[in-house]
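Q: Below you'll find data-v4.txt; it's compact mmCIF, C-alpha atoms.
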# COMPACT_ATOMS: atom_id res chain seq x y z
CA MET A 1 0.27 -1.28 12.69
CA ILE A 2 3.54 0.00 11.25
CA PRO A 3 4.29 -1.42 7.83
CA ALA A 4 7.52 -3.28 7.31
CA LEU A 5 10.13 -1.34 5.40
CA ASP A 6 9.97 -3.75 2.48
CA ASP A 7 6.26 -3.06 2.07
CA VAL A 8 6.76 0.60 1.23
CA ASP A 9 8.02 1.48 -2.26
CA SER A 10 10.55 4.08 -1.16
CA GLY A 11 12.21 4.25 -4.60
CA HIS A 12 9.05 5.40 -6.35
CA PRO A 13 9.47 9.20 -5.93
CA GLU A 14 13.06 8.96 -7.13
CA ARG A 15 11.98 6.97 -10.13
CA LEU A 16 9.28 9.50 -10.97
CA ALA A 17 11.81 12.32 -10.64
CA ARG A 18 14.17 10.49 -12.97
CA LEU A 19 11.35 9.82 -15.43
CA PHE A 20 10.38 13.47 -15.35
CA ASP A 21 13.94 14.63 -15.98
CA ALA A 22 14.36 12.20 -18.85
CA HIS A 23 11.06 12.71 -20.66
CA HIS A 24 9.43 16.03 -19.73
CA ALA A 25 10.91 18.04 -22.61
CA ARG A 26 9.90 15.51 -25.26
CA LEU A 27 6.43 15.13 -23.72
CA TYR A 28 5.93 18.88 -23.50
CA SER A 29 6.76 19.28 -27.20
CA LEU A 30 4.28 16.58 -28.11
CA ALA A 31 1.65 17.97 -25.74
CA ARG A 32 2.10 21.47 -27.12
CA ARG A 33 1.54 20.19 -30.65
CA MET A 34 -1.49 18.24 -29.45
CA THR A 35 -3.21 21.08 -27.57
CA ALA A 36 -4.38 24.60 -28.26
CA SER A 37 -2.25 26.47 -25.70
CA ALA A 38 0.90 26.27 -23.59
CA ASP A 39 -1.21 26.11 -20.42
CA ALA A 40 -3.15 23.15 -21.74
CA ALA A 41 0.10 21.44 -22.72
CA ARG A 42 1.50 21.95 -19.20
CA ASP A 43 -1.66 20.47 -17.67
CA VAL A 44 -1.52 17.45 -19.96
CA VAL A 45 2.16 16.78 -19.17
CA GLN A 46 1.56 17.12 -15.44
CA GLU A 47 -1.46 14.82 -15.56
CA THR A 48 0.56 12.25 -17.51
CA PHE A 49 3.25 12.08 -14.83
CA LEU A 50 0.67 12.20 -12.04
CA ARG A 51 -0.97 9.09 -13.46
CA GLY A 52 2.40 7.43 -13.25
CA ALA A 53 2.79 8.66 -9.67
CA ARG A 54 -0.58 7.24 -8.69
CA SER A 55 -0.01 3.80 -10.19
CA PRO A 56 3.64 2.96 -9.59
CA GLY A 57 3.44 -0.60 -10.86
CA SER A 58 2.03 0.27 -14.26
CA ILE A 59 5.11 1.99 -15.71
CA PRO A 60 7.29 -0.55 -17.50
CA GLU A 61 11.06 -0.67 -17.04
CA GLY A 62 13.42 0.47 -19.80
CA ARG A 63 13.77 3.85 -21.44
CA SER A 64 11.87 3.16 -24.65
CA GLN A 65 9.09 1.28 -22.81
CA GLU A 66 8.76 4.12 -20.31
CA GLU A 67 8.57 6.65 -23.11
CA ALA A 68 5.97 4.61 -24.99
CA TRP A 69 3.88 4.30 -21.81
CA LEU A 70 4.06 8.03 -21.16
CA VAL A 71 3.21 8.91 -24.78
CA ARG A 72 0.21 6.58 -24.74
CA VAL A 73 -1.05 8.08 -21.47
CA LEU A 74 -0.58 11.58 -22.88
CA VAL A 75 -2.49 10.73 -26.06
CA ASN A 76 -5.26 9.17 -23.98
CA ILE A 77 -5.55 12.31 -21.86
CA CYS A 78 -5.74 14.38 -25.06
CA ARG A 79 -8.39 11.99 -26.36
CA ASP A 80 -10.54 12.44 -23.24
CA GLU A 81 -10.29 16.21 -23.63
CA TRP A 82 -10.97 16.02 -27.37
CA ARG A 83 -14.15 13.99 -26.72
CA LYS A 84 -15.39 16.55 -24.21
CA GLN A 85 -14.72 19.34 -26.67
CA SER A 86 -16.42 17.39 -29.47
CA VAL A 87 -19.59 17.19 -27.39
CA ARG A 88 -19.38 20.90 -26.61
CA ARG A 89 -18.82 21.70 -30.27
CA ARG A 90 -21.77 19.56 -31.30
CA HIS A 91 -23.97 21.58 -28.97
CA ALA A 92 -22.54 24.89 -30.12
CA SER A 93 -22.89 24.10 -33.84
CA GLU A 94 -19.91 23.42 -36.07
CA LEU A 95 -16.33 24.75 -36.28
CA PRO A 96 -15.38 27.82 -34.24
CA PRO A 97 -15.54 30.94 -36.36
CA ALA A 98 -12.34 31.92 -38.12
CA GLU A 99 -10.47 34.93 -36.86
CA ASP A 100 -10.92 38.28 -38.50
CA HIS A 101 -9.02 37.80 -41.75
CA ARG A 102 -8.96 41.47 -42.61
CA SER A 103 -7.18 42.59 -39.45
CA SER A 104 -4.76 39.66 -39.12
CA GLU A 105 -1.58 39.15 -41.02
CA SER A 106 -1.55 36.38 -43.54
CA ALA A 107 1.08 34.35 -41.66
CA ILE A 108 -1.03 34.37 -38.51
CA ILE A 109 -4.07 33.36 -40.51
CA ALA A 110 -2.17 30.51 -42.11
CA ARG A 111 -0.94 29.27 -38.72
CA SER A 112 -4.33 29.53 -37.14
CA THR A 113 -5.94 27.75 -40.08
CA ILE A 114 -3.64 24.76 -40.00
CA TRP A 115 -3.72 24.38 -36.22
CA ARG A 116 -7.49 24.65 -36.09
CA ALA A 117 -7.64 21.99 -38.79
CA LEU A 118 -5.20 19.84 -36.82
CA ALA A 119 -7.37 20.23 -33.73
CA GLU A 120 -10.23 18.57 -35.62
CA LEU A 121 -8.32 15.31 -36.03
CA PRO A 122 -8.78 12.51 -33.48
CA PRO A 123 -5.83 12.63 -31.04
CA ARG A 124 -4.16 9.41 -32.14
CA ARG A 125 -4.22 10.55 -35.77
CA ARG A 126 -2.99 13.97 -34.76
CA ALA A 127 -0.18 12.39 -32.76
CA ALA A 128 0.83 10.29 -35.77
CA ILE A 129 0.86 13.37 -38.03
CA VAL A 130 2.79 15.44 -35.46
CA MET A 131 5.39 12.75 -34.81
CA TYR A 132 5.89 11.95 -38.48
CA GLU A 133 5.70 15.41 -40.05
CA LEU A 134 7.16 17.59 -37.29
CA GLU A 135 9.39 15.31 -35.24
CA GLY A 136 10.53 13.18 -38.16
CA THR A 137 9.89 9.99 -36.20
CA PRO A 138 9.98 6.84 -38.37
CA ILE A 139 6.71 4.94 -38.77
CA PRO A 140 7.83 1.78 -36.86
CA VAL A 141 8.82 3.94 -33.88
CA ILE A 142 5.49 5.81 -33.98
CA ALA A 143 3.74 2.44 -34.04
CA GLU A 144 5.69 1.33 -30.98
CA LEU A 145 5.02 4.58 -29.13
CA LEU A 146 1.30 4.53 -29.84
CA GLY A 147 0.98 0.78 -29.29
CA VAL A 148 -0.46 0.10 -32.77
CA HIS A 149 0.72 -1.63 -35.95
CA ALA A 150 2.80 0.21 -38.53
CA VAL A 151 -0.02 -0.32 -41.05
CA THR A 152 -2.37 1.54 -38.70
CA VAL A 153 0.07 4.44 -38.47
CA ARG A 154 0.28 4.60 -42.29
CA TRP A 155 -3.49 4.58 -42.46
CA HIS A 156 -3.72 7.39 -39.86
CA LEU A 157 -1.17 9.41 -41.82
CA SER A 158 -2.98 8.94 -45.09
CA VAL A 159 -6.45 9.70 -43.74
CA GLY A 160 -5.07 12.54 -41.60
CA ARG A 161 -3.45 14.25 -44.58
CA ARG A 162 -6.67 13.98 -46.57
CA GLU A 163 -8.74 15.34 -43.67
CA LEU A 164 -6.29 18.21 -43.14
CA ALA A 165 -6.39 19.14 -46.82
CA ARG A 166 -10.20 19.11 -46.76
CA LEU A 167 -10.42 21.13 -43.53
CA ILE A 168 -7.83 23.68 -44.67
CA GLY A 169 -9.66 24.03 -47.98
CA ALA A 170 -12.97 24.51 -46.17
CA GLN A 171 -11.59 27.12 -43.79
CA SER A 172 -9.59 29.21 -46.24
CA MET B 1 9.21 18.52 -48.16
CA ASN B 2 5.57 18.71 -49.22
CA ASP B 3 3.20 21.60 -48.77
CA LEU B 4 1.49 20.15 -45.71
CA THR B 5 4.79 19.51 -43.91
CA SER B 6 6.04 23.01 -44.63
CA ARG B 7 2.75 24.55 -43.49
CA LEU B 8 2.83 22.51 -40.30
CA ARG B 9 6.44 23.51 -39.63
CA ASP B 10 5.69 27.19 -40.28
CA ALA B 11 2.90 27.07 -37.73
CA ASP B 12 4.67 24.85 -35.19
CA PRO B 13 4.14 26.34 -31.70
CA VAL B 14 7.23 24.55 -30.38
CA ARG B 15 9.32 26.49 -32.89
CA LEU B 16 7.51 29.78 -32.25
CA GLU B 17 7.18 29.72 -28.45
CA PRO B 18 9.85 29.78 -25.73
CA GLY B 19 8.87 26.40 -24.28
CA LEU B 20 8.38 25.27 -20.72
CA ALA B 21 9.70 27.90 -18.31
CA PRO B 22 12.19 26.62 -15.68
CA GLU B 23 9.92 27.75 -12.82
CA ALA B 24 6.94 25.94 -14.31
CA ARG B 25 9.07 22.87 -14.90
CA ASP B 26 10.37 22.87 -11.31
CA ALA B 27 6.88 23.37 -9.86
CA MET B 28 5.59 20.50 -11.95
CA ARG B 29 8.46 18.28 -10.89
CA ARG B 30 7.83 19.04 -7.21
CA ALA B 31 4.11 18.27 -7.58
CA ILE B 32 4.84 14.96 -9.30
CA VAL B 33 7.46 13.86 -6.78
CA ALA B 34 5.12 14.82 -3.91
CA ALA B 35 2.30 12.79 -5.47
CA ALA B 36 4.64 9.84 -5.94
CA ALA B 37 5.82 10.11 -2.31
CA GLY B 38 2.18 10.18 -1.17
CA ALA B 39 1.41 7.07 -3.20
CA ALA B 40 4.54 5.32 -1.94
CA ARG B 41 3.52 5.88 1.70
CA ILE B 42 0.58 3.53 1.19
CA PRO B 43 2.08 0.09 1.81
CA ARG B 44 1.58 -2.41 -0.98
CA TRP B 45 -0.19 -4.93 1.28
CA ARG B 46 -2.83 -2.37 2.15
CA GLN B 47 -4.24 -2.16 -1.34
CA PRO B 48 -5.53 -5.75 -1.55
CA LEU B 49 -6.53 -5.53 2.11
CA ALA B 50 -8.59 -2.41 1.44
CA LEU B 51 -10.18 -4.13 -1.55
CA ALA B 52 -11.04 -7.19 0.56
CA ALA B 53 -12.49 -5.00 3.33
CA MET B 54 -14.62 -3.13 0.81
CA THR B 55 -15.88 -6.41 -0.67
CA VAL B 56 -16.80 -7.75 2.78
CA LEU B 57 -18.58 -4.50 3.63
CA ALA B 58 -20.48 -4.52 0.35
CA VAL B 59 -21.58 -8.17 0.76
CA GLY B 60 -22.51 -7.58 4.43
CA GLY B 61 -24.45 -4.46 3.51
CA ALA B 62 -26.32 -6.29 0.79
CA ALA B 63 -27.19 -9.17 3.18
CA LEU B 64 -28.45 -6.74 5.84
CA ALA B 65 -30.48 -4.83 3.30
CA HIS B 66 -32.01 -8.09 2.09
CA ARG B 67 -32.92 -9.15 5.64
CA PHE B 68 -34.36 -5.74 6.44
CA ALA B 69 -36.45 -5.92 3.28
CA ASP B 70 -37.74 -9.37 4.41
CA ASP B 71 -38.72 -8.01 7.83
CA ARG B 72 -40.51 -5.11 6.24
CA GLU B 73 -42.30 -7.51 3.98
CA ARG B 74 -43.50 -9.53 6.99
CA THR B 75 -44.62 -6.51 9.04
CA ARG B 76 -46.20 -4.60 6.22
CA PRO B 77 -49.80 -3.62 6.81
CA VAL B 78 -52.37 -6.12 5.71
CA ALA B 79 -54.74 -4.60 3.21
CA PRO B 80 -57.42 -2.78 5.13
CA ARG B 81 -60.75 -4.47 5.19
CA VAL B 82 -63.51 -2.05 4.63
CA ALA B 83 -66.35 -2.97 6.88
CA PRO B 84 -69.69 -2.76 5.23
CA ALA B 85 -71.00 -0.79 8.19
CA ALA B 86 -68.75 2.15 7.35
CA SER B 87 -65.97 1.54 9.92
CA THR B 88 -62.43 0.82 8.62
CA GLN B 89 -59.95 -1.62 10.13
CA LEU B 90 -56.19 -1.43 9.75
CA GLN B 91 -54.31 -4.56 10.77
CA PHE B 92 -50.58 -5.10 11.39
CA LYS B 93 -49.04 -8.53 11.77
CA THR B 94 -45.65 -8.84 13.45
CA PRO B 95 -43.18 -11.69 12.89
CA GLY B 96 -44.08 -13.12 16.32
CA GLY B 97 -47.68 -13.56 15.25
CA THR B 98 -49.18 -10.67 17.24
CA ARG B 99 -51.84 -8.76 15.38
CA ILE B 100 -52.57 -5.10 15.92
CA ILE B 101 -55.95 -4.00 14.71
CA TRP B 102 -56.93 -0.37 14.43
CA THR B 103 -60.59 0.43 13.90
CA ILE B 104 -61.14 3.78 12.32
CA ASP B 105 -64.45 5.40 12.95
CA PRO B 106 -65.48 7.45 9.91
CA ALA B 107 -67.82 9.49 12.08
CA PHE B 108 -65.00 10.64 14.34
CA GLN B 109 -64.58 14.41 14.25
CA LEU B 110 -61.50 15.95 15.74
CA GLY B 111 -63.00 19.37 16.36
CA GLY B 112 -66.12 17.94 17.93
CA ASN B 113 -64.19 15.95 20.55
CA LEU B 114 -61.92 18.74 21.72
CA PRO B 115 -62.84 20.46 24.99
Could you take the file, read its structure, and then write that structure out as structure tokens?

A:
Amino acid sequence: MIPALDDVDSGHPERLARLFDAHHARLYSLARRMTASADAARDVVQETFLRGARSPGSIPEGRSQEEAWLVRVLVNICRDEWRKQSVRRRHASELPPAEDHRSSESAIIARSTIWRALAELPPRRRAAIVMYELEGTPIPVIAELLGVHAVTVRWHLSVGRRELARLIGAQS
Amino acid sequence: MNDLTSRLRDADPVRLEPGLAPEARDAMRRAIVAAAAGAARIPRWRQPLALAAMTVLAVGGAALAHRFADDRERTRPVAPRVAPAASTQLQFKTPGGTRIIWTIDPAFQLGGNLP
């Protein structure tokens, strides 16, 4: 049986292409700050858009709603990965060993220390810290993007800063 | 700017790395558009239809399995009655009421009966 033309969503690939063009750069920046490597960031961005491609009806209309949907999917993908890594880490003892401090330059050590500490935070908290501290996104906008209340974002920021300070202190 | 913010900005990979390469970006875009085109080729009416078909199959399968289990229950071997005189009987009862009775002779020796 050949489906009627109306039954097939022929505009979906075009919409995905438009979504990709509009949001890929912003999502890649967020993904890169949420993951350990550029490859991982690419995978996360691609998976985010692929989820949109697989479920056409789930992406809301409107630029800010689209962006919020994509950011939430991206954070969820990071959360799945973070959980898997947490289990692996639990089996392989605690934090990964620090790099050789004697042979590395101090700037590299400092970078590695802060990003390893950041990697310990739950993804939603990390996203809040990244968006607020690095992207300069206002708290109400972060709340909208993550689909939580502004109070929750403030709480994530406060707890996240404390956790980062503790982790950086423990590693250095 | 506090210490944490400045440390985060100093270590920011987005600032330190070149970003998404145009080839990688184009390849990703192609993959996403192809996936979207693949999803769009499945007509919308087919999704609920497929779900309904799967439900019918699952219910039908469960009903068949239940009936098969009933039949097996009815034809299962009746517990063997051990005859006091050392011979063993194995009885089967079919749904039609026919009984099959096997009498097993404990003195039977396979080697001894072969030519």

Q: With chain A as the partner and 9 Å as the cut-off, tabulate the residues of chain B that qualify, each row holding the nearest pair of atoms and their distance in Å to one decimal, using only C-alpha atoms, sorted by chain and rising number, as a Markdown table.

A:
| residue | atom | partner | partner_atom | distance |
| --- | --- | --- | --- | --- |
| B:Leu4 | CA | A:Arg161 | CA | 7.8 |
| B:Thr5 | CA | A:Glu133 | CA | 5.7 |
| B:Ser6 | CA | A:Glu133 | CA | 8.9 |
| B:Arg7 | CA | A:Ile114 | CA | 7.3 |
| B:Leu8 | CA | A:Ile114 | CA | 6.9 |
| B:Arg9 | CA | A:Leu134 | CA | 6.4 |
| B:Asp10 | CA | A:Arg111 | CA | 7.1 |
| B:Ala11 | CA | A:Arg111 | CA | 4.5 |
| B:Asp12 | CA | A:Arg33 | CA | 7.2 |
| B:Pro13 | CA | A:Arg33 | CA | 6.8 |
| B:Val14 | CA | A:Ser29 | CA | 6.2 |
| B:Glu17 | CA | A:Ala38 | CA | 8.7 |
| B:Gly19 | CA | A:Ser29 | CA | 8.0 |
| B:Leu20 | CA | A:Tyr28 | CA | 7.4 |
| B:Ala24 | CA | A:Arg42 | CA | 8.3 |
| B:Arg25 | CA | A:His24 | CA | 8.4 |
| B:Met28 | CA | A:Gln46 | CA | 6.3 |
| B:Arg29 | CA | A:Phe20 | CA | 6.8 |
| B:Arg30 | CA | A:Ala17 | CA | 8.5 |
| B:Ala31 | CA | A:Leu50 | CA | 8.3 |
| B:Ile32 | CA | A:Leu50 | CA | 5.7 |
| B:Val33 | CA | A:Pro13 | CA | 5.1 |
| B:Ala34 | CA | A:Pro13 | CA | 7.4 |
| B:Ala35 | CA | A:Ala53 | CA | 5.9 |
| B:Ala36 | CA | A:Ala53 | CA | 4.3 |
| B:Ala37 | CA | A:Pro13 | CA | 5.2 |
| B:Gly38 | CA | A:Arg54 | CA | 8.5 |
| B:Ala39 | CA | A:Arg54 | CA | 5.8 |
| B:Ala40 | CA | A:Asp9 | CA | 5.2 |
| B:Arg41 | CA | A:Val8 | CA | 6.2 |
| B:Ile42 | CA | A:Val8 | CA | 6.8 |
| B:Pro43 | CA | A:Val8 | CA | 4.7 |
| B:Arg44 | CA | A:Asp7 | CA | 5.6 |
| B:Trp45 | CA | A:Asp7 | CA | 6.8 |

Q: Do you have the atom CA of Asn76 of chain A-atom CA of Pro48 of chain B distance handy?

A: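 Rounded to one decimal, the two atoms are 26.9 Å apart.
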
Q: Separation of atom CA of Lys93 of chain B and atom CA of Arg74 of chain B, in Å?

A: 7.4 Å

Q: Could you jot down the atom CA of Leu146 of chain A to atom CA of Val159 of chain A separation for me, Å, one decimal place?

A: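 Value for the atom CA of Leu146 of chain A-atom CA of Val159 of chain A distance: 16.7 Å.
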